[in-house]
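See structure below.
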Number of protein chains: 2
Amino acid sequence: MLRTRKAVPVIAVIVLLVVGTVLGRVTAGLGGGALGDIAAERKLTPDEASGALKSFVAPGKYDEYMLVASGGHSGQIHIVGIPSLRLLKTVPVFTPESWSGYGQKADSSESVLRGGSDPAKEAEELTWGDSHHPALSETNGAYDGRWVYINDRANGRLGMVDLRDFKTKQILDIPNIGTSHGGVFATPNTEYVHISSMTPRPQTPDGYAPLEQYAEKYRGMSTFVAIDPATGRGDMAKSFQIELPPYTQDLADAGKKASDGFAFINSYNSEMSIGTAGPDGKPIEVGASKNDFDFLHIIDWKKAATVASGGKTEVRNGVRVIPLQLAIDEGVLHFAPEPRSPHGVDVSPDGNYMVVGGKLDPHTTIYDIDLVKKAIADKNFSGRDRYGVPILKFEAVVAGQVEVGAGPLHTQFDGKGNAFTSLFLESAVAKFSLGPKAGISADKAFKLLDKVDVHYNIGHLATSEGDTVAADGKYLVALNKWSIDRYPTLGTLKPQNLQLIDLSGAKMRIINEAPAGFGEPHYAQIVRLDRLGKSLQAYPPGTDPLTFKPSADATTLGKERVERSGGIVHVYMTAMRSHFTPDVIRVKKGERVRIHVTNVETTPDATHGFAVPSYNVQASLDPGEVVTVEFDAKKTGAFAIYCTEFCSALHLEMQGWLLVEP
Amino acid sequence: MLRTRKAVPVIAVIVLLVVGTVLGRVTAGLGGGALGDIAAERKLTPDEASGALKSFVAPGKYDEYMLVASGGHSGQIHIVGIPSLRLLKTVPVFTPESWSGYGQKADSSESVLRGGSDPAKEAEELTWGDSHHPALSETNGAYDGRWVYINDRANGRLGMVDLRDFKTKQILDIPNIGTSHGGVFATPNTEYVHISSMTPRPQTPDGYAPLEQYAEKYRGMSTFVAIDPATGRGDMAKSFQIELPPYTQDLADAGKKASDGFAFINSYNSEMSIGTAGPDGKPIEVGASKNDFDFLHIIDWKKAATVASGGKTEVRNGVRVIPLQLAIDEGVLHFAPEPRSPHGVDVSPDGNYMVVGGKLDPHTTIYDIDLVKKAIADKNFSGRDRYGVPILKFEAVVAGQVEVGAGPLHTQFDGKGNAFTSLFLESAVAKFSLGPKAGISADKAFKLLDKVDVHYNIGHLATSEGDTVAADGKYLVALNKWSIDRYPTLGTLKPQNLQLIDLSGAKMRIINEAPAGFGEPHYAQIVRLDRLGKSLQAYPPGTDPLTFKPSADATTLGKERVERSGGIVHVYMTAMRSHFTPDVIRVKKGERVRIHVTNVETTPDATHGFAVPSYNVQASLDPGEVVTVEFDAKKTGAFAIYCTEFCSALHLEMQGWLLVEP
């Protein structure tokens, strides 16, 4: 009894000491209060609390990756931090945007947006586009952090953004195509950026042909836009197109490593349904889903480049076109059957496998590049399509199929032998193994390994660097088309939904989620932020951002002036905290006014704005930038010009007057 | 020894059991692995890990509040979840936006954006605005979740967004003012929404007067826009303006509770500096900072409403104006001195205190409404300004001053007797106590209590419901103007920076941070999400969103048709997964085409889009919505019309053809 009585306190002390130490250790690293208590107070489940810690990027710290996502019909590119899912930046490409003043100026930068509307070709000046498939530039098959290309699905255009300043530098109106969906990629050293047509287009001088002549006169186009290695701009004079049958060309990818030199495009509507106007009177969604197989397009683009230089091409609207028969004759184009109405074709990081997801077939089909090359060499054809394109024998080129689930669309990779496919109908992501050439033993090859539900109706997905040779298998972002009940009801237009999936464990786990309430992130690529080496903090004072060169319209402190020449009032103005010089501009009603503003600041983030009330004038002036705005002084009055970017404590006093005298 | 040897295992077992239990308890709630381990692995400090858990909103869960923030010169409103800081939605107000199709249609909704440009008044049609100060509608001084108003700082306009569908329903071009900065608030029962001029404007028929006649001919205006209680729309015929001296009017706030019926506007540039054109040749930032005191404007708006109805007003450009002398004579307008160049005047939740921050004075100055009322009643004036406005004696109306730090701008409240002021120059938030009328004992009144550094250059701030009688003191968001190094360098235009501060403890703590890379969130209000009661999931099929009533242009399944009348081809089309009916439209070159599309879906989130390539046509169709687009068929060709919103597995097949025949 005594012993017991004495032992209790001893044990108690020891227990308390040990417990204290243990608790101390558990909570010591955690600061004021245990993390578990906070999680409990906020009603976070263990998984949720873990997700919070796995995805949180602390104030002042940087995300590890950025998701470069198209904005769909917002016409923009959106940069989202990974793993935080914070929207880091919006880059306008095909639509004007007044925060940055894009598309609202009168200087060379304005030519970018206007340049995307060919007056000879288009009915209307285009002030919107449907930004769809971003393609980061690559060196040796890995992202090099220099440029981003993106297509306009609506109008068949290609935009280019320079990652030194994250601004759009070029929009190319691609000849001979109407629309363009998923056919964008950069070749492994950005020799070319590929953009293909989606729906075919009449190849007639006036762009018109009756729908009844669809099979005869409509054609698709695979376009290899030649990229200037210094500026990243496309040069249509050095580019070429390959004519394709009038199927609907969709997602495309570049070969890499083992498949370098090849390009792959999948297609649907090989039935050539034209909807209810057609002979069967069926809508397209019925008519285009009849065939069991559509055609994977296999293009030998290095051979095509040689053919394009060979003088047999036909120049059509300013670009060299390899007509379909020439492409067949020269062995540039082959087909392989792919299960009905596929959406994606994606090349594995090693380049050996091309994975196709057919949304009406529950399998992914994996093609092997060596089998493809051999079938081409052996002319192992099952036949030819109606245009004479040779069709490789399905059994001869397929390495395997995996039953992944309902509605497979798009596949990405982890560089560890696994692939991840989005399942639209099932609202899930499936993980499966590739084959021996990706390091998977034969008995474990082409097996479904895991599935995770997403919310809801996933379209594309992106793994970290998963479009490249450097796929690292850390994160996956599901680009879900519907959010339904995931967010509070904020009106009838609901956001898309981004979900971040942790790939580091055996099981995939959703750890973070964010709405995209600013456009549709249709397709995305995830790039390590440390690949951005040359991003500018500020321009040298007096820079034209379009060229990164000194602007002829620049001025410096003390040289500000007003000049009247050529019927135009030219105002050469500086902006510096907290003053515009000159601060008062006097013009007569009816005069044309051009104001050239130079932000003479050299401090990063010392952005100014310049607005003229009632005249619809707004410009954003990053440090060092020169901007020109122009207007007719139609209306008399005293207009308080001002800086639109809160720049200092005296920002409100950074104003002046435009006086339009009667 | 034996005992000891026997005791050790006993103790060890107990210790292990207890430690196991304790550890189990600490980690049990946390699932696979201790939270501390995850935090350590991700190199989160204890404070950071705590911030992660405090601000994380788990996938599928909802934020508790929304921040309704202006977008600055993006012209939009941005809805941000609190505490997650996720961008939940973008609402375009003063700028077109192609994701939602705002400002790009040919139907009644188009009239909203166009309606903001008065052709008789403006030089140019306005396609941008500088959205600045949002004001949520109120009932009994608390947010009622019905409408949001926001001003256009550039052009002196007022926009109204209906929170049933988060769409802009009205833009009013306010007569007799040029620009408008912070002068927006709703009165406690949204009888009126106030918008004042910022810079004064010549009150001349042509809007012009020489700057030299600034003091004589330029005037400011305080505008009380009468709100229709059923629709939330402003009615200028029932509205009135109060003429003000040509100072620069800035932030304003409505009285509430103890101060109900009053309105407060602060001002700067009582020096009436016109910049270098003035007699002293000094820039405005110097000229406007000379006086030790500017004038807090105190308006008895209930008295003003009576005066406005009394027949002594002057109708100027369609609105009743109370001329300055009448306002003085009727006791509608008084001034109180306020320390130089103030930015904010903010009324405490109980309505007793008005806090003014003067950015060139390190104090906040707190006025007492009872003292103000008494001084007015006693005519306790220190004099009058040059226009005859009586100036209340400073000592007679001030309850206290607090030295908060460098550059105080704007103050918010927690409803517990504390106030929070942003310090622009110091990049900090100061917390201080109010006085006895806010429940603080006299010895603890008007004391600086805490400060927290923010990053960087904070402008406005918002506390949860801090603009209302229901301020709850849970969160504070700092709207920081510069981000400098807080985010990776993504070009020369850097984002603003939102920082979330936890107010629940004695010390303020930053727990989360997010960039605003999509516009400048100039001012914001934070409202509990559960106050949104009537937000729609979908419209009844065939609805005109502008009116929420059936649209005359609607059609239903089976009634689709093409009619030619009045020289226009009218296409009445339905959109339903995955089909447009009709799917083929044939017109002749030169015809004018109006396409009326009805989204017949009733499922929430079943949004469709409608695009016509090359014709710059894009519309977003929420479920039930009717949209009309219009164009001249200038160009021949076959154009693949399509759905721009990924709507089903057969979304890509949701296309048709516009054939423009030669």
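Within each chain, counting starts at residue 1; across the structure tokens, chains are named A, B, ... in the order shown, with ligands numbered 1 upward in that order.
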
Inset, instruction - Name all residues at most 6 Å from segment 410-416 of chain B (count only C-alpha atoms; drop same-chain ones fewer than 5 positions away) and give them as a PyMOL selection string. - result: chain B and resi 344+349+421-422+460+466+471-473

Please, could you write that set of residues out with N, CA and C atoms as a tab-separated table (two decimals), in the first residue's frame?
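Here's the written file again_11.tsv:
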```tsv
chain	number	residue	atom	x	y	z
B	344	GLY	N	-10.06	60.01	-45.27
B	344	GLY	CA	-11.27	59.29	-44.89
B	344	GLY	C	-12.05	59.97	-43.79
B	349	PRO	N	-19.95	52.24	-35.72
B	349	PRO	CA	-21.17	51.45	-35.84
B	349	PRO	C	-22.35	52.00	-35.04
B	421	THR	N	-7.08	51.97	-38.36
B	421	THR	CA	-6.75	52.97	-39.37
B	421	THR	C	-5.56	52.51	-40.21
B	422	SER	N	-5.69	52.66	-41.53
B	422	SER	CA	-4.57	52.33	-42.41
B	422	SER	C	-3.56	53.48	-42.39
B	460	HIS	N	-6.93	51.63	-48.62
B	460	HIS	CA	-8.09	51.40	-47.77
B	460	HIS	C	-7.95	50.08	-47.03
B	466	GLY	N	-17.72	46.12	-41.27
B	466	GLY	CA	-17.23	47.28	-40.53
B	466	GLY	C	-17.77	48.62	-40.97
B	471	ALA	N	-20.92	45.72	-37.46
B	471	ALA	CA	-19.49	45.40	-37.46
B	471	ALA	C	-19.21	44.33	-36.41
B	472	ASP	N	-18.47	43.25	-36.83
B	472	ASP	CA	-18.34	42.14	-35.88
B	472	ASP	C	-16.91	41.86	-35.44
B	473	GLY	N	-15.96	42.59	-36.01
B	473	GLY	CA	-14.60	42.50	-35.48
B	473	GLY	C	-13.89	41.18	-35.66
```

Inset, instruction - Give me every helix (DSSP H, G or I) residue in segment 155-352 of chain A, going by DSSP on the backbone, as a ChimeraX atom specification. - result: /A:211-217,257-259,275-277,284-287,301-308,324-329

Any chance you could export the current selection's N, CA, C and O atoms as a tab-separated table (two decimals), in the first residue's frame?
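Written out: selection18.tsv:
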```
chain	number	residue	atom	x	y	z
A	211	LEU	N	-22.50	23.78	-98.13
A	211	LEU	CA	-22.24	22.68	-97.20
A	211	LEU	C	-22.30	21.34	-97.92
A	211	LEU	O	-21.64	20.37	-97.52
A	212	GLU	N	-23.10	21.28	-98.98
A	212	GLU	CA	-23.26	20.04	-99.75
A	212	GLU	C	-21.94	19.65	-100.42
A	212	GLU	O	-21.77	18.51	-100.84
A	213	GLN	N	-21.02	20.61	-100.54
A	213	GLN	CA	-19.70	20.29	-101.14
A	213	GLN	C	-18.62	20.13	-100.06
A	213	GLN	O	-17.44	20.34	-100.33
A	214	TYR	N	-19.07	19.79	-98.88
A	214	TYR	CA	-18.17	19.65	-97.72
A	214	TYR	C	-17.01	18.72	-98.02
A	214	TYR	O	-15.84	19.05	-97.83
A	215	ALA	N	-17.32	17.53	-98.53
A	215	ALA	CA	-16.27	16.53	-98.77
A	215	ALA	C	-15.30	16.97	-99.86
A	215	ALA	O	-14.11	16.67	-99.81
A	216	GLU	N	-15.81	17.74	-100.84
A	216	GLU	CA	-14.98	18.11	-101.98
A	216	GLU	C	-14.18	19.39	-101.74
A	216	GLU	O	-13.01	19.48	-102.09
A	217	LYS	N	-14.82	20.38	-101.15
A	217	LYS	CA	-14.18	21.70	-101.11
A	217	LYS	C	-13.68	22.14	-99.74
A	217	LYS	O	-12.90	23.08	-99.64
A	257	LYS	N	11.86	13.29	-77.74
A	257	LYS	CA	12.84	12.21	-77.56
A	257	LYS	C	12.62	11.10	-78.61
A	257	LYS	O	12.83	11.34	-79.78
A	258	ALA	N	12.12	9.93	-78.19
A	258	ALA	CA	11.97	8.81	-79.12
A	258	ALA	C	11.11	9.16	-80.32
A	258	ALA	O	11.28	8.60	-81.41
A	259	SER	N	10.17	10.09	-80.14
A	259	SER	CA	9.27	10.43	-81.24
A	259	SER	C	9.53	11.84	-81.79
A	259	SER	O	8.69	12.41	-82.48
A	275	GLY	N	-24.57	18.15	-89.88
A	275	GLY	CA	-25.76	18.45	-89.07
A	275	GLY	C	-27.02	18.21	-89.85
A	275	GLY	O	-27.06	17.43	-90.81
A	276	THR	N	-28.08	18.88	-89.43
A	276	THR	CA	-29.41	18.59	-89.98
A	276	THR	C	-29.52	18.94	-91.46
A	276	THR	O	-30.47	18.52	-92.13
A	277	ALA	N	-28.56	19.69	-91.97
A	277	ALA	CA	-28.58	20.01	-93.40
A	277	ALA	C	-28.10	18.84	-94.25
A	277	ALA	O	-28.22	18.85	-95.47
A	284	ILE	N	-25.38	17.13	-85.64
A	284	ILE	CA	-23.97	16.74	-85.69
A	284	ILE	C	-23.60	15.79	-84.56
A	284	ILE	O	-22.84	14.84	-84.77
A	285	GLU	N	-24.14	16.01	-83.37
A	285	GLU	CA	-23.72	15.16	-82.24
A	285	GLU	C	-24.11	13.71	-82.47
A	285	GLU	O	-23.51	12.80	-81.90
A	286	VAL	N	-25.10	13.47	-83.33
A	286	VAL	CA	-25.45	12.09	-83.70
A	286	VAL	C	-24.63	11.67	-84.91
A	286	VAL	O	-23.97	10.63	-84.91
A	287	GLY	N	-24.64	12.53	-85.91
A	287	GLY	CA	-23.96	12.19	-87.16
A	287	GLY	C	-22.47	11.98	-86.99
A	287	GLY	O	-21.87	11.17	-87.70
A	301	TRP	N	6.90	15.94	-89.23
A	301	TRP	CA	7.03	17.38	-89.54
A	301	TRP	C	8.41	17.76	-90.03
A	301	TRP	O	8.57	18.76	-90.74
A	302	LYS	N	9.42	16.98	-89.67
A	302	LYS	CA	10.75	17.31	-90.20
A	302	LYS	C	10.79	17.03	-91.70
A	302	LYS	O	11.34	17.81	-92.49
A	303	LYS	N	10.16	15.93	-92.08
A	303	LYS	CA	10.05	15.64	-93.50
A	303	LYS	C	9.20	16.71	-94.19
A	303	LYS	O	9.53	17.19	-95.28
A	304	ALA	N	8.12	17.13	-93.52
A	304	ALA	CA	7.25	18.15	-94.11
A	304	ALA	C	8.00	19.45	-94.33
A	304	ALA	O	7.82	20.15	-95.34
A	305	ALA	N	8.89	19.80	-93.36
A	305	ALA	CA	9.66	21.04	-93.50
A	305	ALA	C	10.55	20.95	-94.73
A	305	ALA	O	10.73	21.94	-95.47
A	306	THR	N	11.09	19.79	-94.98
A	306	THR	CA	11.92	19.59	-96.18
A	306	THR	C	11.08	19.72	-97.45
A	306	THR	O	11.46	20.39	-98.40
A	307	VAL	N	9.91	19.09	-97.40
A	307	VAL	CA	9.02	19.18	-98.56
A	307	VAL	C	8.61	20.63	-98.80
A	307	VAL	O	8.57	21.12	-99.94
A	308	ALA	N	8.34	21.36	-97.69
A	308	ALA	CA	7.91	22.75	-97.82
A	308	ALA	C	8.98	23.60	-98.49
A	308	ALA	O	8.68	24.57	-99.20
A	324	LEU	N	-2.87	18.01	-99.92
A	324	LEU	CA	-3.10	16.69	-99.32
A	324	LEU	C	-2.41	15.58	-100.11
A	324	LEU	O	-1.74	14.71	-99.54
A	325	GLN	N	-2.55	15.62	-101.45
A	325	GLN	CA	-1.97	14.54	-102.26
A	325	GLN	C	-0.45	14.52	-102.14
A	325	GLN	O	0.16	13.45	-102.03
A	326	LEU	N	0.14	15.73	-102.09
A	326	LEU	CA	1.60	15.81	-101.94
A	326	LEU	C	2.02	15.25	-100.58
A	326	LEU	O	3.04	14.54	-100.46
A	327	ALA	N	1.23	15.59	-99.54
A	327	ALA	CA	1.54	15.08	-98.20
A	327	ALA	C	1.51	13.56	-98.18
A	327	ALA	O	2.35	12.91	-97.55
A	328	ILE	N	0.53	12.98	-98.90
A	328	ILE	CA	0.44	11.51	-98.99
A	328	ILE	C	1.63	10.95	-99.77
A	328	ILE	O	2.32	10.03	-99.32
A	329	ASP	N	1.88	11.57	-100.91
A	329	ASP	CA	2.95	11.07	-101.80
A	329	ASP	C	4.31	11.12	-101.12
A	329	ASP	O	5.15	10.25	-101.32
```

Legend entry - Neighbour list for segment 479-481 of chain A as a VMD selection string, cut-off 12 Å, only C-alpha atoms, skip fewer than 4 positions in-chain: (chain A and resid 67 69 to 72 85 409 to 410 421 to 429 453 to 463 486 494 to 501 513 to 517 519 to 525) or (chain B and resid 605 to 608 644 to 649 651)

Inset, instruction - Return the single residue from A:Asn418, A:Ser614, A:Ser309, A:Thr555 that is closest to chain B, with distances computed using only C-alpha atoms. - result: A:Ser614

Legend entry - Closest of B:Val597, B:Ala470, B:Val612, B:Val355 to chain A - atom-to-atom distances counting only C-alpha atoms: B:Val612

Inset, instruction - Rounded to one decimal place, report the atom CA of His181 of chain A-atom CA of Trp657 of chain B distance in Å. - result: 16.3 Å

Legend entry - Distance in Å - atom CA of Asn189 of chain B versus atom CA of Thr139 of chain B: 4.4 Å

Inset, instruction - Tell me which protein, DNA and RNA residues are within 8 Å of Ile227 of chain A, counting only C-alpha atoms, leaving out same-chain ones fewer than 5 positions away, and put them as a list in words. - result: Thr190, Glu191, Tyr192, Val193, Gly232, Arg233, Gly234 and Asp235 of chain A

Which polymer residues have any atom within 9 Å of an atom of Arg153 of chain B, counting only C-alpha atoms, with same-chain residues fewer than 3 positions away left out, as a compact mmCIF listing (two decimals) with C-alpha atoms, in the first residue's frame?
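Output (out-v5.txt):
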```txt
# COMPACT_ATOMS: atom_id res chain seq x y z
CA PRO A 613 -12.35 61.73 -68.16
CA GLY B 72 -10.15 50.20 -60.06
CA HIS B 73 -9.46 50.90 -63.69
CA GLY B 129 -14.51 53.21 -66.06
CA ASP B 130 -12.55 53.42 -62.84
CA SER B 131 -14.68 51.49 -60.36
CA HIS B 132 -13.81 52.85 -56.98
CA HIS B 133 -16.13 52.74 -54.00
CA GLY B 156 -18.64 60.55 -62.40
CA ARG B 157 -21.05 57.69 -63.01
CA GLY B 178 -16.99 65.39 -63.76
CA THR B 179 -15.10 62.94 -61.58
CA SER B 180 -16.12 61.16 -58.39
CA HIS B 181 -13.80 59.55 -55.88
CA GLY B 182 -14.84 58.23 -52.49
CA SER B 197 -17.92 65.04 -57.19
CA MET B 198 -14.20 64.83 -56.58
```
